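Here's the structure, in structure tokens; my notes come after.
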Amino acid sequence: PHFMFNALNSLSYLVSKDPARAEEFIQSLAEVYRYILGSKEKDLVLLSDEIAFMQAYARLMSLRYEDAFVIDLQVDESLLGQYLIPPVTLMVAVENAIKHNEVSATHQLVLEVRLRGDAMVLRNRKMARKVPRVSTRIGLENLNQRFQRLTGRAISYISTKDTFTLEMPLLRLRAV
């Protein structure tokens, strides 16, 4: 519900300001929603599918924030088919970064996404919001419980004065 509320608000703004971007937003929203619906019955998906989904979601955020939101994805694509991850978890991680940081023309949010060992690592420089949002940590706690239930391993995060780093364990597919 929170995702759809934000998406519809963004779309409403784009329709009046930039109809061409609004059309692109609608196409990306449909792609994102199709993935959400298609994966809701799955416990785990290929990391390659989840990365493609994250990129579709990132297109939505790029349309919403223009050049102020960037995903810096640097992973060896040949490894993406070797891991499983709970579906929609990368979207939750991206949403978390956006929720807790200023994203504007003067404050570009760059989210680094890396594969390190058997974990997906997302890192961003912290940029205090003009109007801070109170964090209940429910999002990260729900994510952690989901990973523990499905992978047997917990997520971890490190929050320093300057950066936030989230590490999510992946399940490696066994070679046949």
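Residues in the structure tokens are numbered from 1 in each chain, the chains being A, B, ... in the order shown, and ligands are numbered from 1 in the order shown.
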(request) Considering only C-alpha atoms, return as a PyMOL selection string whatever protein or nucleic-acid residues lie within 7 Å of Asn101 of chain A, sequence-local ones (same chain, fewer than 4 positions apart) excluded. (result) chain A and resi 97+126-129
(message) I want to know what sits within 9 Å of Thr89 of chain A, based on only C-alpha atoms, with residues of the same chain fewer than 5 positions away left out; could you give that as a PyMOL selection string?
(response) chain A and resi 50+54+94+143+168
(message) Residues within 12 Å of segment 25-38 of chain A, please, as number ranges by chain. Count only C-alpha atoms; anything in the same chain fewer than 4 positions from it doesn't count.
(response) A: 1, 3-4, 6-15, 18-21, 42-45, 49-66, 86-92
(request) Pick out each residue of segment 10-175 of chain A that DSSP on the backbone tags as helix (DSSP H, G or I); I need them as a PyMOL selection string. (result) chain A and resi 10-17+19-39+47-68+77-82+89-99+138-151
(request) Please provide the set of residues having any atom within 8 Å of Ser156 of chain A, restricted to only C-alpha atoms, with same-chain residues fewer than 2 positions apart removed, written as an MDAnalysis selection string. (result) chainID A and resid 154 158 166:168
(request) For segment 69-78 of chain A, list every protein, DNA or RNA residue within 6 Å, evaluated using only C-alpha atoms, and leave out those in the same chain fewer than 2 positions away; present the list as a PyMOL selection string. (result) chain A and resi 62+65+67+80+108-115
Selected residues, C-alpha atoms, written as a PDB file, in the first residue's frame, please.
ATOM      1  CA  SER A  62      14.831   7.956 -11.454  1.00  0.00           C
ATOM      2  CA  TYR A  65      13.694  12.138  -8.699  1.00  0.00           C
ATOM      3  CA  ASP A  67      19.126  12.772 -11.757  1.00  0.00           C
ATOM      4  CA  LEU A  80      23.665 -13.690 -10.829  1.00  0.00           C
ATOM      5  CA  GLN A 108      21.986  13.144  -5.176  1.00  0.00           C
ATOM      6  CA  LEU A 109      21.514   9.726  -3.587  1.00  0.00           C
ATOM      7  CA  VAL A 110      23.870   7.140  -5.053  1.00  0.00           C
ATOM      8  CA  LEU A 111      23.146   3.603  -3.911  1.00  0.00           C
ATOM      9  CA  GLU A 112      26.066   1.249  -4.483  1.00  0.00           C
ATOM     10  CA  VAL A 113      25.044  -2.364  -5.106  1.00  0.00           C
ATOM     11  CA  ARG A 114      27.720  -5.049  -4.934  1.00  0.00           C
ATOM     12  CA  LEU A 115      27.994  -8.816  -4.691  1.00  0.00           C
TER      13      LEU A 115
END
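Our summary of the geometry notes that atom CA of Phe147 of chain A is positioned 10.3 Å from atom CA of Leu171 of chain A.
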List the neighbours of segment 130-142 of chain A out to 8 Å using only C-alpha atoms; skip same-chain residues closer than 6 positions along the sequence, and give me the result as a PDB file with N, CA, C and O atoms, in the first residue's frame.
ATOM      1  N   VAL A  92      12.734  -3.273  -1.115  1.00  0.00           N
ATOM      2  CA  VAL A  92      12.631  -2.825   0.277  1.00  0.00           C
ATOM      3  C   VAL A  92      13.910  -2.089   0.682  1.00  0.00           C
ATOM      4  O   VAL A  92      13.859  -1.035   1.323  1.00  0.00           O
ATOM      5  N   ASN A  96      14.188   1.835   1.643  1.00  0.00           N
ATOM      6  CA  ASN A  96      14.762   2.232   2.924  1.00  0.00           C
ATOM      7  C   ASN A  96      15.770   3.358   2.737  1.00  0.00           C
ATOM      8  O   ASN A  96      15.785   4.332   3.500  1.00  0.00           O
ATOM      9  N   LYS A  99      13.851   6.522   1.867  1.00  0.00           N
ATOM     10  CA  LYS A  99      13.080   7.014   3.014  1.00  0.00           C
ATOM     11  C   LYS A  99      13.943   7.802   4.002  1.00  0.00           C
ATOM     12  O   LYS A  99      13.505   8.801   4.553  1.00  0.00           O
ATOM     13  N   HIS A 100      15.177   7.352   4.187  1.00  0.00           N
ATOM     14  CA  HIS A 100      16.008   7.925   5.247  1.00  0.00           C
ATOM     15  C   HIS A 100      17.025   8.950   4.771  1.00  0.00           C
ATOM     16  O   HIS A 100      17.846   9.411   5.570  1.00  0.00           O
ATOM     17  N   GLU A 102      17.879  12.516   2.119  1.00  0.00           N
ATOM     18  CA  GLU A 102      17.424  13.602   1.258  1.00  0.00           C
ATOM     19  C   GLU A 102      17.746  13.214  -0.178  1.00  0.00           C
ATOM     20  O   GLU A 102      18.871  12.823  -0.489  1.00  0.00           O
TER      21      GLU A 102
END
(message) To one decimal place in Å, what is the distance between atom CA of Thr151 of chain A and atom CA of Leu173 of chain A?
(response) 12.2 Å
